[in-house]
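**Student:** Got work-v2.txt for you, compact mmCIF, C-alpha atoms and all ligand atoms:
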```
# COMPACT_ATOMS: atom_id res chain seq x y z
CA MET A 1 19.12 2.07 -17.21
CA ALA A 2 15.33 1.87 -17.01
CA MET A 3 13.66 3.57 -14.07
CA ARG A 4 12.35 1.17 -11.42
CA LEU A 5 9.20 2.42 -9.72
CA GLY A 6 7.45 0.80 -6.76
CA VAL A 7 3.74 1.47 -6.34
CA PHE A 8 2.33 0.80 -2.89
CA GLY A 9 -1.44 1.02 -2.61
CA GLY A 10 -3.48 0.83 0.57
CA THR A 11 -5.99 2.61 2.70
CA PHE A 12 -3.26 3.81 5.09
CA ASP A 13 -5.85 4.46 7.80
CA PRO A 14 -3.42 5.22 9.39
CA ILE A 15 -0.02 4.57 7.77
CA HIS A 16 2.31 2.72 10.20
CA ASN A 17 5.87 1.42 10.54
CA GLY A 18 4.85 -1.92 8.96
CA HIS A 19 4.06 -0.07 5.72
CA LEU A 20 7.27 1.97 5.91
CA MET A 21 9.44 -1.09 6.53
CA VAL A 22 7.82 -2.91 3.61
CA ALA A 23 8.49 0.00 1.26
CA GLN A 24 12.10 0.42 2.43
CA GLU A 25 12.85 -3.29 2.07
CA CYS A 26 11.32 -3.38 -1.42
CA ARG A 27 13.28 -0.33 -2.47
CA ASP A 28 16.61 -1.65 -1.14
CA ARG A 29 16.30 -5.24 -2.23
CA LEU A 30 14.74 -4.72 -5.65
CA GLY A 31 16.72 -1.58 -6.48
CA MET A 32 13.74 0.72 -6.90
CA ASP A 33 14.48 4.35 -7.61
CA ARG A 34 11.34 5.44 -5.82
CA VAL A 35 8.36 4.01 -3.98
CA LEU A 36 5.09 5.79 -4.57
CA PHE A 37 2.50 5.54 -1.78
CA VAL A 38 -1.00 5.64 -3.27
CA PRO A 39 -3.84 5.98 -0.75
CA ALA A 40 -7.11 4.55 -2.10
CA ARG A 41 -10.13 6.82 -2.14
CA LEU A 42 -12.62 3.96 -2.13
CA PRO A 43 -10.99 0.53 -1.95
CA PRO A 44 -13.19 -2.08 -3.68
CA HIS A 45 -12.47 -4.56 -0.87
CA LYS A 46 -13.18 -2.39 2.12
CA GLN A 47 -16.61 -0.90 1.66
CA VAL A 48 -17.87 -2.30 4.93
CA ARG A 49 -16.53 0.30 7.29
CA SER A 50 -16.37 4.03 6.89
CA LEU A 51 -12.87 5.19 6.16
CA THR A 52 -11.23 8.27 7.55
CA ALA A 53 -11.52 11.19 5.12
CA PRO A 54 -8.99 10.89 2.26
CA HIS A 55 -7.33 14.23 3.06
CA HIS A 56 -6.48 13.01 6.57
CA ARG A 57 -5.08 9.70 5.29
CA MET A 58 -3.03 11.55 2.68
CA ALA A 59 -1.74 14.07 5.24
CA MET A 60 -0.58 11.21 7.46
CA VAL A 61 1.20 9.52 4.54
CA ARG A 62 2.97 12.78 3.70
CA LEU A 63 4.11 13.26 7.30
CA ALA A 64 5.33 9.66 7.54
CA ILE A 65 7.46 9.77 4.40
CA ALA A 66 8.65 13.40 4.55
CA SER A 67 12.16 12.52 5.73
CA ASN A 68 12.71 9.74 3.19
CA PRO A 69 13.96 10.92 -0.21
CA GLY A 70 13.16 7.52 -1.78
CA PHE A 71 9.47 7.78 -0.92
CA GLU A 72 6.75 9.84 -2.57
CA ALA A 73 2.98 10.18 -2.20
CA SER A 74 0.49 10.20 -5.05
CA SER A 75 -3.06 11.52 -4.89
CA ILE A 76 -3.92 9.84 -8.20
CA GLU A 77 -6.68 7.68 -6.69
CA LEU A 78 -8.11 10.47 -4.58
CA SER A 79 -9.01 12.56 -7.60
CA ARG A 80 -10.57 9.68 -9.57
CA PRO A 81 -14.29 8.97 -9.07
CA GLY A 82 -15.61 5.48 -8.30
CA PRO A 83 -13.81 2.55 -6.65
CA SER A 84 -10.00 2.70 -6.74
CA TYR A 85 -8.96 -0.14 -9.02
CA SER A 86 -5.22 -0.80 -9.02
CA VAL A 87 -5.15 -1.63 -12.72
CA ASP A 88 -6.52 1.85 -13.56
CA THR A 89 -3.92 3.41 -11.28
CA LEU A 90 -1.07 1.47 -12.88
CA LEU A 91 -2.13 2.45 -16.38
CA GLN A 92 -2.56 6.09 -15.40
CA LEU A 93 0.83 6.19 -13.66
CA ARG A 94 2.50 4.53 -16.60
CA GLN A 95 1.37 7.35 -18.89
CA HIS A 96 3.48 9.77 -16.85
CA GLN A 97 6.65 7.65 -16.82
CA PRO A 98 9.32 7.04 -19.45
CA GLU A 99 8.14 4.19 -21.64
CA ASP A 100 10.76 1.67 -20.48
CA THR A 101 9.97 2.18 -16.76
CA ASP A 102 9.79 -1.06 -14.78
CA MET A 103 6.82 -0.88 -12.46
CA PHE A 104 6.34 -2.98 -9.32
CA PHE A 105 3.06 -3.18 -7.48
CA ILE A 106 3.67 -3.89 -3.79
CA MET A 107 1.21 -5.75 -1.58
CA GLY A 108 1.20 -7.76 1.63
CA ALA A 109 0.67 -11.53 1.59
CA ASP A 110 -2.76 -11.07 3.22
CA SER A 111 -3.95 -9.03 0.24
CA LEU A 112 -2.93 -11.65 -2.29
CA ASN A 113 -6.00 -13.76 -1.54
CA ASP A 114 -8.12 -10.97 -2.95
CA LEU A 115 -6.29 -10.86 -6.26
CA ALA A 116 -8.60 -13.24 -8.12
CA SER A 117 -11.51 -10.93 -7.34
CA TRP A 118 -9.62 -7.81 -8.43
CA ARG A 119 -10.62 -6.01 -11.57
CA ASP A 120 -8.60 -7.27 -14.55
CA PRO A 121 -5.72 -9.04 -12.74
CA ALA A 122 -4.23 -10.00 -16.12
CA GLY A 123 -4.17 -6.34 -17.15
CA LEU A 124 -2.51 -5.46 -13.87
CA LEU A 125 0.16 -8.12 -14.23
CA ALA A 126 0.80 -7.14 -17.85
CA ASN A 127 1.79 -3.67 -16.69
CA CYS A 128 3.84 -4.41 -13.61
CA LYS A 129 5.47 -7.10 -11.57
CA LEU A 130 3.69 -7.92 -8.35
CA VAL A 131 5.86 -7.90 -5.24
CA VAL A 132 4.14 -9.86 -2.50
CA VAL A 133 5.79 -9.23 0.86
CA SER A 134 5.51 -11.46 3.89
CA ARG A 135 3.26 -10.33 6.70
CA PRO A 136 3.22 -11.78 10.21
CA GLY A 137 0.15 -14.00 10.55
CA ALA A 138 -0.43 -14.29 6.80
CA PRO A 139 0.35 -17.57 5.02
CA ALA A 140 3.54 -17.67 2.94
CA VAL A 141 3.17 -16.78 -0.70
CA GLU A 142 2.91 -19.60 -3.22
CA PRO A 143 3.21 -18.05 -6.69
CA ALA A 144 2.12 -21.37 -8.24
CA ARG A 145 -1.36 -20.78 -6.82
CA LEU A 146 -1.59 -17.68 -9.00
CA ASP A 147 -1.42 -19.78 -12.08
CA CYS A 148 -5.19 -20.22 -11.71
CA LEU A 149 -5.61 -16.56 -12.67
CA TYR A 150 -4.17 -17.33 -16.07
CA PRO A 151 -1.24 -19.47 -17.28
CA GLY A 152 2.06 -17.73 -16.59
CA ALA A 153 0.69 -15.33 -13.97
CA ASP A 154 3.10 -16.73 -11.39
CA GLU A 155 6.07 -15.53 -13.45
CA ARG A 156 4.97 -11.95 -12.85
CA VAL A 157 5.08 -12.36 -9.07
CA ILE A 158 8.07 -11.71 -6.83
CA PRO A 159 7.62 -13.10 -3.31
CA LEU A 160 9.75 -11.15 -0.83
CA GLN A 161 10.45 -12.10 2.77
CA VAL A 162 10.76 -8.81 4.67
CA ILE A 163 11.60 -7.86 8.25
CA GLY A 164 8.32 -8.68 9.95
CA LEU A 165 6.46 -6.01 11.87
CA ASP A 166 3.17 -7.26 13.27
CA ILE A 167 1.42 -3.90 13.04
CA ALA A 168 -2.03 -3.34 11.54
CA SER A 169 -4.02 -0.14 11.05
CA SER A 170 -7.19 -1.82 12.36
CA ASP A 171 -5.38 -2.62 15.61
CA LEU A 172 -4.08 0.96 15.89
CA ARG A 173 -7.61 2.32 15.39
CA SER A 174 -9.01 0.14 18.16
CA ARG A 175 -6.15 1.03 20.47
CA VAL A 176 -6.82 4.74 20.04
CA ALA A 177 -10.55 4.16 20.57
CA VAL A 178 -9.93 2.64 24.00
CA GLY A 179 -7.18 5.06 24.96
CA LYS A 180 -4.21 2.69 24.65
CA THR A 181 -0.86 3.98 23.43
CA ILE A 182 0.23 3.51 19.83
CA ARG A 183 3.77 4.78 20.42
CA CYS A 184 6.60 3.19 18.43
CA GLN A 185 4.20 1.64 15.92
CA LEU A 186 4.08 4.67 13.66
CA PRO A 187 6.03 7.93 13.27
CA ASP A 188 5.62 10.51 16.04
CA ASP A 189 4.44 13.15 13.57
CA VAL A 190 1.58 10.87 12.55
CA ILE A 191 0.66 10.22 16.18
CA ALA A 192 0.60 13.98 16.78
CA TYR A 193 -1.64 14.44 13.72
CA ILE A 194 -4.05 11.75 14.97
CA GLU A 195 -4.21 13.48 18.36
CA SER A 196 -4.68 17.01 17.10
CA ASN A 197 -7.40 15.95 14.64
CA LYS A 198 -9.06 13.64 17.17
CA LEU A 199 -9.03 10.71 14.76
CA TYR A 200 -10.13 7.18 15.71
CA ARG A 201 -11.70 8.23 19.00
CA LYS A 202 -15.02 6.76 19.94
CA SER A 203 -17.75 9.20 18.94
P1 LIG A 301 -6.26 -2.59 7.99
O1 LIG A 301 -6.01 -3.30 9.29
O2 LIG A 301 -7.17 -1.42 8.10
O3 LIG A 301 -6.59 -3.51 6.84
P2 LIG A 301 -3.47 -2.60 7.21
O4 LIG A 301 -2.51 -2.49 8.34
O5 LIG A 301 -3.70 -3.96 6.62
O6 LIG A 301 -4.84 -1.92 7.63
P3 LIG A 301 -3.61 -1.45 4.60
O7 LIG A 301 -3.72 -0.01 4.28
O8 LIG A 301 -4.80 -2.32 4.46
O9 LIG A 301 -3.03 -1.57 6.11
O10 LIG A 301 -2.36 -2.09 3.84
C1 LIG A 301 -1.86 -1.65 2.60
C2 LIG A 301 -0.93 -2.73 2.08
O11 LIG A 301 0.17 -2.93 3.01
C3 LIG A 301 -1.62 -4.10 1.95
O12 LIG A 301 -1.15 -4.72 0.76
C4 LIG A 301 -1.16 -4.85 3.18
O13 LIG A 301 -1.13 -6.24 2.93
C5 LIG A 301 0.24 -4.29 3.42
N1 LIG A 301 0.63 -4.30 4.83
C6 LIG A 301 0.06 -3.58 5.82
N2 LIG A 301 0.66 -3.79 6.99
C7 LIG A 301 1.66 -4.67 6.76
C8 LIG A 301 2.65 -5.30 7.59
N3 LIG A 301 2.71 -5.07 8.91
N4 LIG A 301 3.52 -6.18 7.00
C9 LIG A 301 3.42 -6.43 5.67
N5 LIG A 301 2.53 -5.87 4.83
C10 LIG A 301 1.65 -5.01 5.36
MG MG A 302 -5.32 -4.34 5.35
```
Output the file's structure in the form of structure tokens.

**Tutor:**
Amino acid sequence: MAMRLGVFGGTFDPIHNGHLMVAQECRDRLGMDRVLFVPARLPPHKQVRSLTAPHHRMAMVRLAIASNPGFEASSIELSRPGPSYSVDTLLQLRQHQPEDTDMFFIMGADSLNDLASWRDPAGLLANCKLVVVSRPGAPAVEPARLDCLYPGADERVIPLQVIGLDIASSDLRSRVAVGKTIRCQLPDDVIAYIESNKLYRKS
């Protein structure tokens, strides 16, 4: 049977249990062999704030997924210059997979709004199916709305209602900055890494 590969892009600044739950649910429910976490070096949509250095974000991803044999991390975007376009990543990943591999690009419902402004959405959807997972606070996914990208785009989208965890990296960063606890929202190893590297503290 063809390999089924999930590709989960994000800034992961830091990775949290919301991300992990999303990946686990996608893997279980859509029968993915593996989910690949792909931290973006320079996300096209997030140039407003300065991101934590890529090696820290990658280290936190590795710690978070270490115990899960179905999860893997990829540094493919970290070694590519320029903004991290998902379509480039998909095409590059595809070159290293058996030809009949089914690829699924995973994103949260809040990210879907950006899709029309993504580079080459048609090229992206030609190379993978798009799994759009529910996210607390984000409007439910209406694949029909995607038809405006190009006719038939909606057929490439799989909306997936997942166990909701209302956790966001931006909230975790502000909690650390004011000295609030972030316990139980992300793996302990990641919390320890944040502490020992003094990440997200007010400078
Ligand atoms: P930030 O607050 O900095 O934007 P974030 O928590 O949204 O961080 P990202 O790295 O931006 O994390 O997210 C990567 C992907 O995971 C995006 O597609 C996003 O929609 C999705 N995602 C993040 N957190 C959740 C969550 N709690 N539930 C569902 N999807 C999520
Ligand atoms: Mg986000």

**Student:** So, with all atoms listed in the file as the atoms that count, which of A:Leu115, A:His55, A:Gly137, A:Leu42 lies closest to Gly82 of chain A?

**Tutor:**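 Nearest candidate to Gly82 of chain A out of A:Leu115, A:His55, A:Gly137, A:Leu42: A:Leu42.
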
**Student:** Mind listing the residues within 8 Å of ligand MG 302 (chain A), all atoms listed in the file counted, as an mmCIF file with C-alpha atoms, in the frame of the given file?

**Tutor:**
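out_15.cif was written with the following content:
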```
data_model
loop_
_atom_site.group_PDB
_atom_site.id
_atom_site.type_symbol
_atom_site.label_atom_id
_atom_site.label_comp_id
_atom_site.auth_asym_id
_atom_site.auth_seq_id
_atom_site.Cartn_x
_atom_site.Cartn_y
_atom_site.Cartn_z
ATOM 1 C CA GLY A 10 -3.480 0.830 0.570
ATOM 2 C CA THR A 11 -5.990 2.610 2.700
ATOM 3 C CA ASP A 110 -2.760 -11.070 3.220
ATOM 4 C CA SER A 111 -3.950 -9.030 0.240
ATOM 5 C CA ALA A 168 -2.030 -3.340 11.540
ATOM 6 C CA SER A 169 -4.020 -0.140 11.050
ATOM 7 C CA SER A 170 -7.190 -1.820 12.360
#
```

**Student:** Using only C-alpha atoms and all ligand atoms, which protein or nucleic acid residues are at most 7 Å from ligand LIG 301 (chain A), as an MDAnalysis selection string?

**Tutor:** chainID A and resid 8:13 15 18:19 22 106:111 133:136 164:171

**Student:** In Å, how far is it from atom CA of Phe105 of chain A to atom CA of Pro159 of chain A?

**Tutor:** 11.7 Å

**Student:** Within 12 Å of Tyr193 of chain A, counting all atoms listed in the file, which residues show up once you throw out same-chain ones fewer than 2 positions away? Write them as a PyMOL selection string, please.

**Tutor:** chain A and resi 14-15+56-64+186-191+195-200

**Student:** What would the file look like if the residues just selected were written as a PDB file, in the frame of the given file with C-alpha atoms?

**Tutor:**
```pdb
ATOM      1  CA  PRO A  14      -3.420   5.220   9.390  1.00  0.00           C
ATOM      2  CA  ILE A  15      -0.020   4.570   7.770  1.00  0.00           C
ATOM      3  CA  HIS A  56      -6.480  13.010   6.570  1.00  0.00           C
ATOM      4  CA  ARG A  57      -5.080   9.700   5.290  1.00  0.00           C
ATOM      5  CA  MET A  58      -3.030  11.550   2.680  1.00  0.00           C
ATOM      6  CA  ALA A  59      -1.740  14.070   5.240  1.00  0.00           C
ATOM      7  CA  MET A  60      -0.580  11.210   7.460  1.00  0.00           C
ATOM      8  CA  VAL A  61       1.200   9.520   4.540  1.00  0.00           C
ATOM      9  CA  ARG A  62       2.970  12.780   3.700  1.00  0.00           C
ATOM     10  CA  LEU A  63       4.110  13.260   7.300  1.00  0.00           C
ATOM     11  CA  ALA A  64       5.330   9.660   7.540  1.00  0.00           C
ATOM     12  CA  LEU A 186       4.080   4.670  13.660  1.00  0.00           C
ATOM     13  CA  PRO A 187       6.030   7.930  13.270  1.00  0.00           C
ATOM     14  CA  ASP A 188       5.620  10.510  16.040  1.00  0.00           C
ATOM     15  CA  ASP A 189       4.440  13.150  13.570  1.00  0.00           C
ATOM     16  CA  VAL A 190       1.580  10.870  12.550  1.00  0.00           C
ATOM     17  CA  ILE A 191       0.660  10.220  16.180  1.00  0.00           C
ATOM     18  CA  GLU A 195      -4.210  13.480  18.360  1.00  0.00           C
ATOM     19  CA  SER A 196      -4.680  17.010  17.100  1.00  0.00           C
ATOM     20  CA  ASN A 197      -7.400  15.950  14.640  1.00  0.00           C
ATOM     21  CA  LYS A 198      -9.060  13.640  17.170  1.00  0.00           C
ATOM     22  CA  LEU A 199      -9.030  10.710  14.760  1.00  0.00           C
ATOM     23  CA  TYR A 200     -10.130   7.180  15.710  1.00  0.00           C
TER      24      TYR A 200
END
```

**Student:** Please determine, counting all atoms listed in the file, which residue among A:Gly123, A:Pro98, A:Pro151, A:Gly70 has the shortest atom-to-atom distance to Ser86 of chain A.

**Tutor:**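 Of all the options, A:Gly123 lies closest to Ser86 of chain A.
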
**Student:** Quote the spacing between atom CA of Cys128 of chain A and atom CA of Leu112 of chain A in Å to one decimal place.

**Tutor:**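 Value for the atom CA of Cys128 of chain A-atom CA of Leu112 of chain A distance: 15.0 Å.
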
**Student:** Given the choices A:Arg49, A:Phe71, A:Pro54, A:Val132, which gets closest to Leu36 of chain A if the distance is worked out from all atoms listed in the file?

**Tutor:** A:Phe71

**Student:** So the first atom is atom CA of Ser79 of chain A and the second is atom CA of Arg41 of chain A; what is the distance between them in Å, to one decimal place?

**Tutor:**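 Taking atom CA of Ser79 of chain A and atom CA of Arg41 of chain A, their separation equals 8.0 Å.
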
**Student:** Would you please work out which residue, of A:His16, A:Arg29, A:Arg80, A:Arg4, is nearest to Met103 of chain A when using all atoms listed in the file?

**Tutor:**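 The closest residue to Met103 of chain A is A:Arg4.
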
**Student:** Choose the residue, out of A:Pro43, A:Pro121, A:Gly6, A:Pro69, that has the smallest atom-to-atom separation from Val87 of chain A; count only C-alpha atoms.

**Tutor:**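 Among the listed residues, the smallest separation from Val87 of chain A belongs to A:Pro121.
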
**Student:** Ranking A:Ala40, A:Ile163, A:Leu91, A:Leu130 by minimum distance to Leu78 of chain A and counting only C-alpha atoms, which one comes first?

**Tutor:**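 That would be A:Ala40, the residue with the smallest distance to Leu78 of chain A.
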
**Student:** For Thr89 of chain A, please output as a list in words all residues within 9 Å (counting only C-alpha atoms; exclusion window: fewer than 5 positions along the same chain).

**Tutor:**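 Those residues are Val38, Ile76, Glu77, Ser84 and Arg94 of chain A.
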
**Student:** May I have the residues within 9 Å of Ala144 of chain A as a list in words, using all atoms listed in the file and disregarding those fewer than 3 positions away in the same chain?

**Tutor:** Val141, Asp147, Cys148, Ala153, Asp154 and Glu155 of chain A

**Student:** Atoms to include: C-alpha atoms. Write the selected residues as a PDB file, keeping the file's coordinate frame.

**Tutor:**
```pdb
ATOM      1  CA  VAL A 141       3.170 -16.780  -0.700  1.00  0.00           C
ATOM      2  CA  ASP A 147      -1.420 -19.780 -12.080  1.00  0.00           C
ATOM      3  CA  CYS A 148      -5.190 -20.220 -11.710  1.00  0.00           C
ATOM      4  CA  ALA A 153       0.690 -15.330 -13.970  1.00  0.00           C
ATOM      5  CA  ASP A 154       3.100 -16.730 -11.390  1.00  0.00           C
ATOM      6  CA  GLU A 155       6.070 -15.530 -13.450  1.00  0.00           C
TER       7      GLU A 155
END
```

**Student:** If you count all atoms listed in the file, which residues fall within 12 Å of Arg201 of chain A, apart from same-chain ones fewer than 6 positions away, as a list in words?

**Tutor:**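 The contact residues come out as Thr52, Leu172, Arg173, Ser174, Arg175, Val176, Ala177, Val178, Gly179, Lys180, Ile194 and Glu195 of chain A.
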
**Student:** What would the file be for segment 124-138 of chain A if you keep N, CA, C and O atoms and write it as a compact mmCIF listing (two decimals), in the first residue's frame?

**Tutor:**
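Printed below is out_13.txt as written:
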```txt
# COMPACT_ATOMS: atom_id res chain seq x y z
N LEU A 124 0.44 23.60 -4.56
CA LEU A 124 0.43 22.91 -3.27
C LEU A 124 -0.62 21.80 -3.28
O LEU A 124 -0.34 20.65 -2.96
N LEU A 125 -1.84 22.19 -3.67
CA LEU A 125 -2.94 21.22 -3.62
C LEU A 125 -2.81 20.12 -4.67
O LEU A 125 -3.41 19.06 -4.54
N ALA A 126 -2.01 20.36 -5.69
CA ALA A 126 -1.78 19.31 -6.70
C ALA A 126 -0.87 18.23 -6.14
O ALA A 126 -0.89 17.09 -6.60
N ASN A 127 -0.09 18.59 -5.13
CA ASN A 127 0.90 17.66 -4.60
C ASN A 127 0.55 17.01 -3.28
O ASN A 127 1.27 16.14 -2.79
N CYS A 128 -0.54 17.50 -2.67
CA CYS A 128 -0.93 16.90 -1.39
C CYS A 128 -2.40 17.18 -1.16
O CYS A 128 -3.01 17.99 -1.85
N LYS A 129 -2.96 16.47 -0.20
CA LYS A 129 -4.27 16.85 0.29
C LYS A 129 -4.05 17.75 1.50
O LYS A 129 -3.06 17.59 2.23
N LEU A 130 -4.96 18.68 1.69
CA LEU A 130 -4.82 19.63 2.78
C LEU A 130 -5.75 19.22 3.91
O LEU A 130 -6.97 19.20 3.73
N VAL A 131 -5.18 18.89 5.05
CA VAL A 131 -6.00 18.55 6.21
C VAL A 131 -6.13 19.80 7.07
O VAL A 131 -5.12 20.33 7.56
N VAL A 132 -7.34 20.30 7.19
CA VAL A 132 -7.56 21.49 7.99
C VAL A 132 -8.23 21.09 9.30
O VAL A 132 -9.38 20.64 9.30
N VAL A 133 -7.50 21.20 10.39
CA VAL A 133 -8.03 20.76 11.69
C VAL A 133 -8.70 21.92 12.42
O VAL A 133 -8.31 23.08 12.26
N SER A 134 -9.69 21.56 13.23
CA SER A 134 -10.39 22.57 14.00
C SER A 134 -9.43 23.17 15.04
O SER A 134 -8.48 22.52 15.48
N ARG A 135 -9.70 24.42 15.38
CA ARG A 135 -8.90 25.06 16.43
C ARG A 135 -9.84 25.92 17.26
O ARG A 135 -10.61 26.72 16.69
N PRO A 136 -9.80 25.75 18.60
CA PRO A 136 -10.70 26.55 19.43
C PRO A 136 -10.56 28.04 19.10
O PRO A 136 -9.45 28.55 19.00
N GLY A 137 -11.70 28.69 18.88
CA GLY A 137 -11.68 30.12 18.58
C GLY A 137 -11.61 30.44 17.10
O GLY A 137 -11.85 31.57 16.70
N ALA A 138 -11.29 29.44 16.28
CA ALA A 138 -11.24 29.67 14.83
C ALA A 138 -12.55 29.20 14.21
O ALA A 138 -13.11 28.20 14.65
```
